[in-house]
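Participant: The file below is model.txt, compact mmCIF, C-alpha atoms and all ligand atoms:
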# COMPACT_ATOMS: atom_id res chain seq x y z
CA SER H 776 90.61 75.14 59.72
CA ARG H 777 91.55 76.27 56.22
CA LYS H 778 94.26 78.80 55.53
CA VAL H 779 95.63 80.71 52.55
CA VAL H 780 99.42 80.38 52.33
CA LEU H 781 102.01 82.04 50.14
CA ARG H 782 103.70 79.28 48.12
CA ALA H 783 107.03 81.08 47.58
CA TYR H 784 108.41 84.61 47.42
CA ILE H 785 107.80 86.50 44.19
CA ASP H 786 109.37 89.56 42.58
CA ARG H 787 106.62 90.32 40.05
CA ALA H 788 102.93 91.17 40.17
CA PRO H 789 101.06 88.61 42.31
CA ARG H 790 98.97 85.91 40.66
CA GLU H 791 96.21 83.87 42.18
CA ASP H 792 98.32 80.69 42.08
CA ASP H 793 101.07 82.32 44.15
CA MET H 794 98.70 81.54 47.03
CA GLU H 795 97.08 78.26 47.95
CA LEU H 796 94.19 77.26 50.17
CA VAL H 797 95.35 74.43 52.44
CA ASP H 798 93.62 72.39 55.10
CA GLY H 799 95.18 73.21 58.46
CA GLY H 800 93.38 70.31 60.20
CA ASP H 801 90.88 70.31 63.05
CA VAL H 802 91.02 73.15 65.53
CA ALA H 803 90.22 72.59 69.20
CA LEU H 804 88.12 75.65 69.82
CA ARG H 805 90.11 76.62 72.90
CA VAL H 806 93.32 78.49 73.58
CA PRO H 807 95.86 75.64 74.09
CA GLU H 808 97.24 74.97 77.58
CA GLY H 809 100.47 76.87 78.17
CA ALA H 810 99.84 79.42 75.42
CA GLY H 811 99.83 82.25 77.96
CA PRO H 812 97.36 85.11 77.69
CA ALA H 813 96.05 84.55 74.17
CA VAL H 814 92.86 84.79 72.16
CA LEU H 815 91.41 82.32 69.66
CA VAL H 816 89.40 84.13 67.00
CA LYS H 817 87.11 83.08 64.19
CA HIS H 818 87.31 85.22 61.07
CA LEU H 819 84.25 86.98 59.78
CA TYR H 820 85.91 89.35 57.28
CA LEU H 821 89.39 89.86 55.83
CA SER H 822 90.76 92.98 54.23
CA CYS H 823 92.60 92.97 50.87
CA ASP H 824 95.17 95.77 50.86
CA PRO H 825 97.76 96.71 48.21
CA TYR H 826 100.67 96.89 50.74
CA MET H 827 100.36 93.09 51.22
CA ARG H 828 102.02 92.66 47.84
CA GLY H 829 105.25 94.03 49.33
CA ARG H 830 105.16 91.26 51.94
CA MET H 831 105.27 88.62 49.21
CA ARG H 832 108.85 89.60 48.35
CA ASP H 833 111.91 88.28 50.15
CA PHE H 834 112.79 91.79 51.25
CA HIS H 835 113.48 92.73 54.85
CA GLY H 836 114.19 96.45 54.48
CA SER H 837 110.56 97.65 54.59
CA TYR H 838 108.47 98.92 57.48
CA ILE H 839 106.80 95.51 57.74
CA PRO H 840 108.43 92.05 57.41
CA PRO H 841 107.71 89.62 54.55
CA PHE H 842 105.22 86.76 54.86
CA LYS H 843 106.57 83.29 55.63
CA PRO H 844 105.98 80.90 52.71
CA GLY H 845 103.87 77.97 53.86
CA SER H 846 102.25 79.95 56.69
CA ALA H 847 98.93 81.75 56.52
CA ILE H 848 99.38 85.16 54.96
CA GLU H 849 98.59 88.05 57.29
CA GLY H 850 96.30 91.00 56.97
CA PHE H 851 93.69 93.02 58.80
CA GLY H 852 90.87 90.80 60.00
CA LEU H 853 87.52 91.36 61.67
CA CYS H 854 86.86 88.44 63.99
CA ARG H 855 84.73 86.98 66.76
CA VAL H 856 86.53 85.79 69.88
CA VAL H 857 85.91 82.07 70.44
CA ASP H 858 88.06 81.61 73.55
CA SER H 859 90.33 83.84 75.57
CA THR H 860 92.88 83.47 78.36
CA HIS H 861 93.57 87.20 78.23
CA PRO H 862 91.70 89.27 80.84
CA GLY H 863 90.84 91.97 78.29
CA PHE H 864 88.81 89.70 75.98
CA SER H 865 85.90 87.28 76.33
CA ALA H 866 84.20 84.80 74.04
CA GLY H 867 81.77 86.65 71.79
CA ASP H 868 83.75 89.90 71.58
CA ILE H 869 84.19 91.35 68.10
CA VAL H 870 87.77 92.45 67.44
CA SER H 871 89.90 93.71 64.62
CA GLY H 872 93.65 93.65 64.08
CA MET H 873 96.48 91.94 62.24
CA THR H 874 95.45 88.28 61.90
CA GLY H 875 95.93 85.39 59.45
CA TRP H 876 94.06 84.46 56.29
CA GLU H 877 92.49 81.40 57.90
CA ASP H 878 89.23 80.33 59.47
CA TYR H 879 90.63 80.54 63.01
CA SER H 880 93.73 82.33 64.35
CA LEU H 881 95.44 82.07 67.70
CA ILE H 882 96.51 85.58 68.63
CA THR H 883 99.38 85.49 71.10
CA LYS H 884 99.71 89.26 71.36
CA PRO H 885 96.07 90.23 71.92
CA GLU H 886 97.08 93.75 72.99
CA GLN H 887 97.23 94.62 69.28
CA LEU H 888 93.54 93.75 68.84
CA ARG H 889 90.92 96.46 68.97
CA LYS H 890 87.48 95.73 70.38
CA ILE H 891 84.60 96.74 68.13
CA GLN H 892 81.29 97.85 69.59
CA GLN H 893 78.46 96.41 67.52
CA SER H 894 76.16 99.15 66.27
CA ASP H 895 74.17 100.23 63.23
CA ILE H 896 77.46 100.26 61.30
CA PRO H 897 78.09 97.02 59.37
CA LEU H 898 80.96 95.06 60.92
CA SER H 899 82.98 94.86 57.70
CA TYR H 900 83.16 98.68 57.58
CA HIS H 901 85.69 98.44 60.41
CA LEU H 902 88.16 97.15 57.83
CA GLY H 903 87.64 100.14 55.55
CA LEU H 904 85.64 103.25 56.37
CA LEU H 905 86.45 102.95 60.09
CA GLY H 906 89.64 100.92 59.72
CA MET H 907 93.11 101.30 58.30
CA PRO H 908 92.13 102.66 54.84
CA GLY H 909 89.73 105.26 56.25
CA PHE H 910 92.36 106.27 58.77
CA THR H 911 94.91 106.59 55.95
CA ALA H 912 92.57 108.97 54.16
CA TYR H 913 91.99 110.95 57.35
CA VAL H 914 95.62 111.45 58.40
CA GLY H 915 96.82 111.84 54.83
CA PHE H 916 94.29 114.54 54.06
CA TYR H 917 94.36 116.53 57.29
CA GLU H 918 97.92 115.99 58.55
CA ILE H 919 99.87 115.81 55.29
CA CYS H 920 97.82 117.82 52.77
CA LEU H 921 97.09 120.64 55.25
CA PRO H 922 93.98 121.63 53.28
CA LYS H 923 92.38 125.05 53.14
CA LYS H 924 88.81 125.78 52.15
CA GLY H 925 88.46 126.50 48.43
CA GLU H 926 91.62 124.68 47.39
CA PHE H 927 91.85 122.49 44.29
CA VAL H 928 92.31 118.82 45.16
CA PHE H 929 93.12 115.89 42.89
CA VAL H 930 92.84 112.24 44.03
CA SER H 931 94.05 109.21 42.02
CA ALA H 932 92.64 105.67 42.48
CA ALA H 933 89.79 107.81 43.73
CA SER H 934 87.04 105.20 43.93
CA GLY H 935 89.13 102.79 46.03
CA ALA H 936 89.17 102.25 49.76
CA VAL H 937 91.31 105.28 50.58
CA GLY H 938 90.45 107.54 47.63
CA GLN H 939 86.67 107.56 48.14
CA ILE H 940 87.11 108.84 51.71
CA VAL H 941 89.75 111.43 50.78
CA GLY H 942 87.46 112.91 48.13
CA GLN H 943 84.52 113.15 50.50
CA LEU H 944 86.61 114.69 53.29
CA ALA H 945 87.91 117.24 50.80
CA LYS H 946 84.36 118.13 49.76
CA LEU H 947 83.31 118.47 53.40
CA HIS H 948 86.28 120.80 53.85
CA GLY H 949 85.00 123.08 51.08
CA CYS H 950 87.53 122.10 48.42
CA TYR H 951 87.06 121.56 44.68
CA VAL H 952 87.73 117.86 44.09
CA VAL H 953 88.49 115.84 40.98
CA GLY H 954 89.23 112.11 40.96
CA SER H 955 90.65 109.66 38.46
CA ALA H 956 89.75 106.00 38.14
CA GLY H 957 90.19 103.17 35.67
CA THR H 958 86.65 102.49 34.42
CA ASP H 959 83.63 104.53 33.40
CA GLN H 960 81.59 102.79 36.10
CA LYS H 961 84.00 104.05 38.75
CA VAL H 962 83.94 107.54 37.25
CA GLU H 963 80.14 107.57 37.56
CA LEU H 964 80.45 106.46 41.17
CA LEU H 965 82.84 109.31 41.92
CA LYS H 966 80.48 111.91 40.52
CA GLU H 967 77.09 110.47 41.47
CA LYS H 968 77.73 108.69 44.76
CA PHE H 969 80.78 110.33 46.34
CA GLY H 970 80.03 113.87 45.18
CA PHE H 971 83.32 114.67 43.44
CA ASP H 972 83.03 117.85 41.37
CA ALA H 973 84.45 116.02 38.36
CA ALA H 974 86.12 112.72 37.53
CA PHE H 975 87.78 111.04 34.56
CA ASN H 976 88.86 107.63 33.31
CA TYR H 977 92.65 107.91 33.11
CA LYS H 978 92.83 104.90 30.78
CA GLU H 979 90.96 106.86 28.14
CA GLU H 980 93.16 109.94 28.33
CA PRO H 981 96.03 109.78 25.83
CA ASP H 982 97.64 112.86 27.40
CA LEU H 983 97.33 113.02 31.21
CA THR H 984 98.97 116.43 31.42
CA ALA H 985 96.37 117.89 29.05
CA ALA H 986 93.54 116.10 30.87
CA LEU H 987 94.58 117.58 34.21
CA LYS H 988 94.90 121.02 32.61
CA ARG H 989 91.31 120.66 31.44
CA TYR H 990 90.03 119.83 34.94
CA PHE H 991 92.32 122.29 36.73
CA PRO H 992 92.85 125.30 34.43
CA ASP H 993 94.30 127.19 37.42
CA GLY H 994 96.34 124.27 38.73
CA ILE H 995 96.22 121.79 41.62
CA ASP H 996 96.85 122.79 45.25
CA ILE H 997 96.70 119.30 46.72
CA TYR H 998 97.41 115.94 45.14
CA PHE H 999 96.55 112.81 47.13
CA GLU H 1000 98.93 110.40 45.40
CA ASN H 1001 97.85 106.77 45.20
CA VAL H 1002 99.22 105.50 41.89
CA GLY H 1003 102.60 107.06 40.97
CA GLY H 1004 104.25 106.79 37.54
CA PRO H 1005 102.97 108.84 34.59
CA MET H 1006 100.05 110.20 36.65
CA LEU H 1007 102.36 111.69 39.25
CA ASP H 1008 104.53 113.10 36.47
CA ALA H 1009 101.56 114.82 34.83
CA VAL H 1010 100.39 116.17 38.19
CA LEU H 1011 103.80 117.73 38.88
CA LEU H 1012 103.42 119.86 35.74
CA ASN H 1013 99.94 120.94 36.83
CA MET H 1014 100.69 121.80 40.47
CA ARG H 1015 100.33 125.35 41.73
CA MET H 1016 102.97 127.25 43.64
CA HIS H 1017 103.31 125.99 47.23
CA GLY H 1018 101.15 122.93 46.50
CA ARG H 1019 101.20 119.79 48.64
CA ILE H 1020 101.50 116.18 47.52
CA ALA H 1021 100.67 113.48 50.06
CA VAL H 1022 102.42 110.34 48.85
CA CYS H 1023 100.17 107.60 50.10
CA GLY H 1024 100.61 104.84 47.60
CA MET H 1025 102.17 104.65 44.11
CA VAL H 1026 100.38 101.34 43.46
CA SER H 1027 101.65 101.24 39.85
CA GLN H 1028 105.22 101.17 41.16
CA HIS H 1029 104.86 98.37 43.71
CA GLY H 1030 107.46 95.70 43.08
CA LEU H 1031 109.64 97.88 40.84
CA THR H 1032 113.21 98.51 41.97
CA ALA H 1033 113.21 102.05 40.53
CA PRO H 1034 110.24 104.32 39.82
CA ILE H 1035 109.31 104.68 36.17
CA GLY H 1036 107.77 107.48 34.19
CA ILE H 1037 108.94 110.40 36.37
CA HIS H 1038 110.68 113.29 34.59
CA ASN H 1039 109.24 116.40 36.20
CA LEU H 1040 110.59 116.27 39.75
CA TYR H 1041 112.24 119.65 39.27
CA CYS H 1042 108.74 121.15 39.62
CA LEU H 1043 109.19 120.50 43.36
CA VAL H 1044 111.86 123.19 43.35
CA SER H 1045 110.46 125.66 40.86
CA LYS H 1046 106.98 125.60 42.42
CA ARG H 1047 108.13 125.13 46.07
CA ILE H 1048 105.94 122.02 46.31
CA HIS H 1049 105.85 120.09 49.57
CA MET H 1050 105.78 116.37 48.74
CA LYS H 1051 105.67 114.05 51.72
CA GLY H 1052 105.31 110.31 52.09
CA PHE H 1053 103.47 108.96 55.10
CA ILE H 1054 102.47 105.69 56.73
CA GLN H 1055 99.17 105.77 58.59
CA SER H 1056 100.49 103.78 61.57
CA ASP H 1057 102.82 106.65 62.53
CA HIS H 1058 99.72 108.69 63.42
CA LEU H 1059 97.82 106.25 65.62
CA HIS H 1060 97.41 108.86 68.36
CA LEU H 1061 94.69 110.30 66.09
CA PHE H 1062 92.79 107.02 65.70
CA LEU H 1063 90.06 107.60 68.29
CA ARG H 1064 89.38 111.09 66.99
CA PHE H 1065 89.18 109.62 63.48
CA VAL H 1066 86.64 106.99 64.55
CA GLU H 1067 84.51 109.64 66.26
CA ASP H 1068 84.63 112.08 63.35
CA ILE H 1069 83.98 109.56 60.61
CA THR H 1070 81.25 107.76 62.55
CA LYS H 1071 79.47 111.07 63.00
CA HIS H 1072 79.84 112.00 59.31
CA TYR H 1073 78.55 108.57 58.32
CA ARG H 1074 75.54 108.72 60.66
CA ASP H 1075 74.78 112.27 59.51
CA GLY H 1076 74.76 111.04 55.91
CA LYS H 1077 77.72 113.26 55.02
CA ILE H 1078 79.97 110.36 54.05
CA VAL H 1079 78.92 107.32 52.08
CA TYR H 1080 80.95 104.18 51.60
CA VAL H 1081 81.19 101.51 48.92
CA GLU H 1082 82.76 98.13 49.50
CA ASP H 1083 83.34 95.22 47.17
CA MET H 1084 82.54 92.03 49.06
CA THR H 1085 83.85 88.66 47.90
CA SER H 1086 82.40 85.59 49.55
CA GLY H 1087 84.56 82.70 50.81
CA LEU H 1088 88.16 82.39 52.04
CA GLU H 1089 88.90 80.28 48.95
CA ASN H 1090 88.18 83.34 46.79
CA GLY H 1091 90.50 85.62 48.80
CA PRO H 1092 93.54 85.23 46.51
CA ALA H 1093 91.56 86.26 43.41
CA ALA H 1094 90.06 89.22 45.26
CA PHE H 1095 93.51 90.34 46.40
CA VAL H 1096 95.10 89.98 42.97
CA GLY H 1097 92.21 91.97 41.48
CA LEU H 1098 93.41 95.09 43.32
CA PHE H 1099 96.28 95.39 40.86
CA SER H 1100 94.14 95.38 37.75
CA GLY H 1101 91.40 97.56 39.24
CA LYS H 1102 88.77 94.76 39.46
CA ASN H 1103 87.60 96.03 42.83
CA VAL H 1104 84.87 98.65 42.91
CA GLY H 1105 85.33 100.26 46.31
CA LYS H 1106 87.00 98.69 49.31
CA GLN H 1107 87.84 95.02 48.70
CA VAL H 1108 86.81 92.75 51.56
CA VAL H 1109 86.45 88.95 51.83
CA CYS H 1110 83.62 87.47 53.87
CA VAL H 1111 84.89 84.28 55.54
CA SER H 1112 81.89 83.60 57.74
CA GLN H 1113 78.77 85.45 58.78
CA ASP H 1114 78.49 84.09 62.29
P1 LIG C 1201 92.16 100.57 46.21
O1 LIG C 1201 90.90 100.16 46.85
O2 LIG C 1201 92.23 101.93 45.60
O3 LIG C 1201 92.56 99.46 45.14
C1 LIG C 1201 93.65 99.63 44.32
C2 LIG C 1201 93.26 100.43 43.06
O4 LIG C 1201 94.44 100.96 42.49
C3 LIG C 1201 92.65 99.58 41.97
O5 LIG C 1201 91.29 99.37 42.13
C4 LIG C 1201 92.97 100.40 40.72
O6 LIG C 1201 91.93 101.36 40.54
C5 LIG C 1201 94.25 101.13 41.11
N1 LIG C 1201 95.40 100.58 40.41
C6 LIG C 1201 95.88 99.31 40.51
N2 LIG C 1201 96.97 99.16 39.73
C7 LIG C 1201 97.17 100.36 39.12
C8 LIG C 1201 98.15 100.84 38.20
N3 LIG C 1201 99.13 100.06 37.73
N4 LIG C 1201 98.05 102.13 37.80
C9 LIG C 1201 97.06 102.93 38.25
N5 LIG C 1201 96.13 102.53 39.12
C10 LIG C 1201 96.18 101.26 39.56
O7 LIG C 1201 93.36 100.44 47.23
P2 LIG C 1201 93.53 101.25 48.60
O8 LIG C 1201 92.58 102.39 48.63
O9 LIG C 1201 93.53 100.29 49.72
O10 LIG C 1201 94.99 101.83 48.46
C11 LIG C 1201 95.24 102.97 47.64
C12 LIG C 1201 96.71 103.34 47.75
O11 LIG C 1201 96.99 103.73 49.10
C13 LIG C 1201 97.66 102.17 47.46
O12 LIG C 1201 98.76 102.66 46.74
C14 LIG C 1201 98.08 101.71 48.83
O13 LIG C 1201 99.33 101.06 48.80
C15 LIG C 1201 98.11 103.02 49.57
N6 LIG C 1201 98.00 102.91 51.03
C16 LIG C 1201 98.93 103.58 51.77
C17 LIG C 1201 98.85 103.60 53.13
C18 LIG C 1201 99.84 104.41 53.91
O14 LIG C 1201 99.85 104.36 55.15
N7 LIG C 1201 100.68 105.18 53.25
C19 LIG C 1201 97.82 102.81 53.85
C20 LIG C 1201 96.83 102.22 52.97
C21 LIG C 1201 96.94 102.27 51.60
P3 LIG C 1201 91.59 101.98 39.08
O15 LIG C 1201 90.56 101.09 38.47
O16 LIG C 1201 91.10 103.33 39.39
O17 LIG C 1201 92.88 101.94 38.30
Using structure tokens, write down the structure from this file.
Facilitator:
Amino acid sequence: SRKVVLRAYIDRAPREDDMELVDGGDVALRVPEGAGPAVLVKHLYLSCDPYMRGRMRDFHGSYIPPFKPGSAIEGFGLCRVVDSTHPGFSAGDIVSGMTGWEDYSLITKPEQLRKIQQSDIPLSYHLGLLGMPGFTAYVGFYEICLPKKGEFVFVSAASGAVGQIVGQLAKLHGCYVVGSAGTDQKVELLKEKFGFDAAFNYKEEPDLTAALKRYFPDGIDIYFENVGGPMLDAVLLNMRMHGRIAVCGMVSQHGLTAPIGIHNLYCLVSKRIHMKGFIQSDHLHLFLRFVEDITKHYRDGKIVYVEDMTSGLENGPAAFVGLFSGKNVGKQVVCVSQD
């Protein structure tokens, strides 16, 4: 079984060679004797998510512990059960949960796995549209943004895993929605595929404040914040009175000890803006409702979904690193095996 390990902790942007594919030796395709109630899974798909970068630092003060250098890095996986000594799982089940970047993982706390019913929905979508990123969009938009019909919504990193769903939920809610993204191809996708009212390439805007003023002459009610830095600063100047900012990400600030490019925080006071950070896992009581709602929207053709599929565990590190330069078009997933 092969695995992708972190070589050593880093305190800069991740590079492909910070990770290494190593041969973990032969795997007996059974849960070992004495392992207790456990599940042996084979990986079909792995999810690349920006928060994983934080786990590459030797920092223990976050909501999730760092990876262990030399061990398989962890992330959300979509797997087939090969063997189980846990009464809740049987060989052949499809499950998703926190697993390792390796061909096979022994899961000793199977309670954290979620069984997936196979259906017309592609299995990998359970790592995005119907998984953690989709859920982030759902709770962030409904629970944190508290949207009202007709409001003006701005989404950054809008073509990514979370952003594409936020924009479509906002449209379904009757809002006016603009997204920003880092290439013209992504901007086209936002307008043509995801139905945003307008979209722009932030890398081609010399003055973000002026750009936002152009798209929102009357101001922004809701900002779904994914990138931080100068974009957040420009948004603050363009917010309306009593606006809401859901702080989901700040991907441009990951790994920095202090945020950069923010000068306009006083707008929070003068415009009575509600700005709130959130972590999707604090809202898991809403997960089943989310799956029902989004599945229905998807089957009704009201929500579409774009994923960026990389083939092969060995190509996982490059796919992950690509998140931080915007290489991914849509949700980044790695296909480890198709059977
Ligand atoms: P995406 O699929 O959107 O991929 C990341 C994208 O971020 C890139 O494609 C790129 O898009 C953009 N980006 C990368 N670096 C920068 C930068 N320096 N400045 C501006 N944009 C950048 O990722 P996700 O949808 O999975 O995640 C989006 C955000 O949501 C992240 O910040 C993530 O950490 C956060 N998140 C938060 C959760 C929570 O519970 N709070 C849960 C899940 C995600 P482009 O080409 O447009 O620049």
Participant: Using only C-alpha atoms and all ligand atoms, what are the residues with an atom within 6 Å of ligand LIG 1201 (chain C), set out as an mmCIF file with C-alpha atoms, in the coordinates of the input?
Facilitator:
data_model
loop_
_atom_site.group_PDB
_atom_site.id
_atom_site.type_symbol
_atom_site.label_atom_id
_atom_site.label_comp_id
_atom_site.auth_asym_id
_atom_site.auth_seq_id
_atom_site.Cartn_x
_atom_site.Cartn_y
_atom_site.Cartn_z
ATOM 1 C CA ASP H 824 95.170 95.770 50.860
ATOM 2 C CA PRO H 825 97.760 96.710 48.210
ATOM 3 C CA TYR H 826 100.670 96.890 50.740
ATOM 4 C CA PRO H 908 92.130 102.660 54.840
ATOM 5 C CA THR H 911 94.910 106.590 55.950
ATOM 6 C CA ALA H 932 92.640 105.670 42.480
ATOM 7 C CA GLY H 935 89.130 102.790 46.030
ATOM 8 C CA ALA H 936 89.170 102.250 49.760
ATOM 9 C CA VAL H 937 91.310 105.280 50.580
ATOM 10 C CA GLY H 938 90.450 107.540 47.630
ATOM 11 C CA ALA H 956 89.750 106.000 38.140
ATOM 12 C CA GLY H 957 90.190 103.170 35.670
ATOM 13 C CA THR H 958 86.650 102.490 34.420
ATOM 14 C CA ASN H 1001 97.850 106.770 45.200
ATOM 15 C CA VAL H 1002 99.220 105.500 41.890
ATOM 16 C CA CYS H 1023 100.170 107.600 50.100
ATOM 17 C CA GLY H 1024 100.610 104.840 47.600
ATOM 18 C CA MET H 1025 102.170 104.650 44.110
ATOM 19 C CA VAL H 1026 100.380 101.340 43.460
ATOM 20 C CA SER H 1027 101.650 101.240 39.850
ATOM 21 C CA PHE H 1053 103.470 108.960 55.100
ATOM 22 C CA ILE H 1054 102.470 105.690 56.730
ATOM 23 C CA GLN H 1055 99.170 105.770 58.590
ATOM 24 C CA LEU H 1098 93.410 95.090 43.320
ATOM 25 C CA PHE H 1099 96.280 95.390 40.860
ATOM 26 C CA SER H 1100 94.140 95.380 37.750
ATOM 27 C CA GLY H 1101 91.400 97.560 39.240
ATOM 28 C CA LYS H 1102 88.770 94.760 39.460
ATOM 29 C CA ASN H 1103 87.600 96.030 42.830
ATOM 30 C CA GLY H 1105 85.330 100.260 46.310
ATOM 31 C CA LYS H 1106 87.000 98.690 49.310
#
Participant: What are the nearest atom pairs, with distances in Å to one decimal, for all residues of segment 884-927 of chain H that come at most 9 Å from segment 848-864 of chain H, using only C-alpha atoms, set out by chain and rising residue number as a Markdown table?
Facilitator:
| residue | atom | partner | partner_atom | distance |
| --- | --- | --- | --- | --- |
| H:Pro885 | CA | H:His861 | CA | 7.4 |
| H:Glu886 | CA | H:Gly863 | CA | 8.4 |
| H:Lys890 | CA | H:Phe864 | CA | 8.3 |
| H:Ile891 | CA | H:Leu853 | CA | 8.9 |
| H:Leu898 | CA | H:Leu853 | CA | 7.6 |
| H:Ser899 | CA | H:Leu853 | CA | 7.0 |
| H:His901 | CA | H:Leu853 | CA | 7.4 |
| H:Leu902 | CA | H:Phe851 | CA | 7.0 |
| H:Gly906 | CA | H:Phe851 | CA | 8.9 |
| H:Met907 | CA | H:Phe851 | CA | 8.3 |
Participant: Can you measure atom CA of Pro789 of chain H to atom CA of Cys823 of chain H for me? One decimal in Å is fine.
Facilitator: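 Rounded to one decimal, the two atoms are 12.8 Å apart.
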Participant: Excluding Phe975 of chain H and residues on its chain fewer than 2 positions from it, collect all residues at most 12 Å away from it, counting all atoms listed in the file, and give them as a PyMOL selection string.
Facilitator: chain H and resi 929-934+952-966+971-973+977-980+983+986-987+989-990
Participant: Hey, can you spit out that residue selection with C-alpha atoms as a PDB file, keeping the file's coordinate frame?
Facilitator:
ATOM      1  CA  PHE H 929      93.120 115.890  42.890  1.00  0.00           C
ATOM      2  CA  VAL H 930      92.840 112.240  44.030  1.00  0.00           C
ATOM      3  CA  SER H 931      94.050 109.210  42.020  1.00  0.00           C
ATOM      4  CA  ALA H 932      92.640 105.670  42.480  1.00  0.00           C
ATOM      5  CA  ALA H 933      89.790 107.810  43.730  1.00  0.00           C
ATOM      6  CA  SER H 934      87.040 105.200  43.930  1.00  0.00           C
ATOM      7  CA  VAL H 952      87.730 117.860  44.090  1.00  0.00           C
ATOM      8  CA  VAL H 953      88.490 115.840  40.980  1.00  0.00           C
ATOM      9  CA  GLY H 954      89.230 112.110  40.960  1.00  0.00           C
ATOM     10  CA  SER H 955      90.650 109.660  38.460  1.00  0.00           C
ATOM     11  CA  ALA H 956      89.750 106.000  38.140  1.00  0.00           C
ATOM     12  CA  GLY H 957      90.190 103.170  35.670  1.00  0.00           C
ATOM     13  CA  THR H 958      86.650 102.490  34.420  1.00  0.00           C
ATOM     14  CA  ASP H 959      83.630 104.530  33.400  1.00  0.00           C
ATOM     15  CA  GLN H 960      81.590 102.790  36.100  1.00  0.00           C
ATOM     16  CA  LYS H 961      84.000 104.050  38.750  1.00  0.00           C
ATOM     17  CA  VAL H 962      83.940 107.540  37.250  1.00  0.00           C
ATOM     18  CA  GLU H 963      80.140 107.570  37.560  1.00  0.00           C
ATOM     19  CA  LEU H 964      80.450 106.460  41.170  1.00  0.00           C
ATOM     20  CA  LEU H 965      82.840 109.310  41.920  1.00  0.00           C
ATOM     21  CA  LYS H 966      80.480 111.910  40.520  1.00  0.00           C
ATOM     22  CA  PHE H 971      83.320 114.670  43.440  1.00  0.00           C
ATOM     23  CA  ASP H 972      83.030 117.850  41.370  1.00  0.00           C
ATOM     24  CA  ALA H 973      84.450 116.020  38.360  1.00  0.00           C
ATOM     25  CA  TYR H 977      92.650 107.910  33.110  1.00  0.00           C
ATOM     26  CA  LYS H 978      92.830 104.900  30.780  1.00  0.00           C
ATOM     27  CA  GLU H 979      90.960 106.860  28.140  1.00  0.00           C
ATOM     28  CA  GLU H 980      93.160 109.940  28.330  1.00  0.00           C
ATOM     29  CA  LEU H 983      97.330 113.020  31.210  1.00  0.00           C
ATOM     30  CA  ALA H 986      93.540 116.100  30.870  1.00  0.00           C
ATOM     31  CA  LEU H 987      94.580 117.580  34.210  1.00  0.00           C
ATOM     32  CA  ARG H 989      91.310 120.660  31.440  1.00  0.00           C
ATOM     33  CA  TYR H 990      90.030 119.830  34.940  1.00  0.00           C
TER      34      TYR H 990
END
Participant: What is the distance between atom CA of Tyr1073 of chain H and atom CA of Val1111 of chain H, in Å to one decimal?
Facilitator: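 Computing the Euclidean distance for atom CA of Tyr1073 of chain H and atom CA of Val1111 of chain H yields 25.3 Å.
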Participant: Enter the distance from atom CA of Phe916 of chain H to atom CA of Lys988 of chain H, in Å, rounded to one decimal.
Facilitator: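 Distance reported for this atom pair: 22.4 Å.
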Participant: Please provide the set of residues having any atom within 12 Å of Leu1043 of chain H, restricted to all atoms listed in the file, with same-chain residues fewer than 3 positions apart removed, written as a PyMOL selection string.
Facilitator: chain H and resi 1007-1008+1010-1020+1038-1040+1046-1051
Participant: So which residues touch Tyr784 of chain H within 6 Å, counting all atoms listed in the file, skipping near sequence neighbours fewer than 5 positions away, as a list in words?
Facilitator: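 Result of the neighbour search: Met831, Arg832 and Asp833 of chain H.
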Participant: With all atoms listed in the file as the basis for distance, which of H:Glu808, H:Asp878, H:Glu791, H:Asp996 is at the shortest distance from Leu921 of chain H?
Facilitator: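 Result for the nearest residue to Leu921 of chain H: H:Asp996.
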Participant: Calculated over all atoms listed in the file, which of the candidates H:Leu1061, H:Val814, H:Val1096, H:Val870 has the smallest distance to Tyr917 of chain H?
Facilitator: H:Leu1061
Participant: Tell me which protein, DNA and RNA residues are within 9 Å of segment 946-950 of chain H, counting only C-alpha atoms, leaving out same-chain ones fewer than 2 positions away, and put them as a ChimeraX atom specification.
Facilitator: /H:922-928,941-944,952,970-972,1077-1078
Participant: For Ile1035 of chain H, work out the shell of residues within 9 Å, counting all atoms listed in the file and skipping chain neighbours fewer than 5 positions away, then give it as a list of chain:residue names.
Facilitator: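 Everything that qualifies: H:Gly1003, H:Gly1004, H:Pro1005, H:Gln1028.
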Participant: Go ahead and save the picked residues with C-alpha atoms, as a short mmCIF file (atom, residue, chain, number, x, y, z; two decimals), in the frame of the given file.
Facilitator:
data_model
loop_
_atom_site.label_atom_id
_atom_site.label_comp_id
_atom_site.auth_asym_id
_atom_site.auth_seq_id
_atom_site.Cartn_x
_atom_site.Cartn_y
_atom_site.Cartn_z
CA GLY H 1003 102.60 107.06 40.97
CA GLY H 1004 104.25 106.79 37.54
CA PRO H 1005 102.97 108.84 34.59
CA GLN H 1028 105.22 101.17 41.16
#
Participant: Out of H:Val1079, H:Asn976, H:Ala985, H:Gly915, which residue has the shortest atom-to-atom distance to Phe999 of chain H when counting all atoms listed in the file?
Facilitator: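 Closest candidate: H:Gly915.
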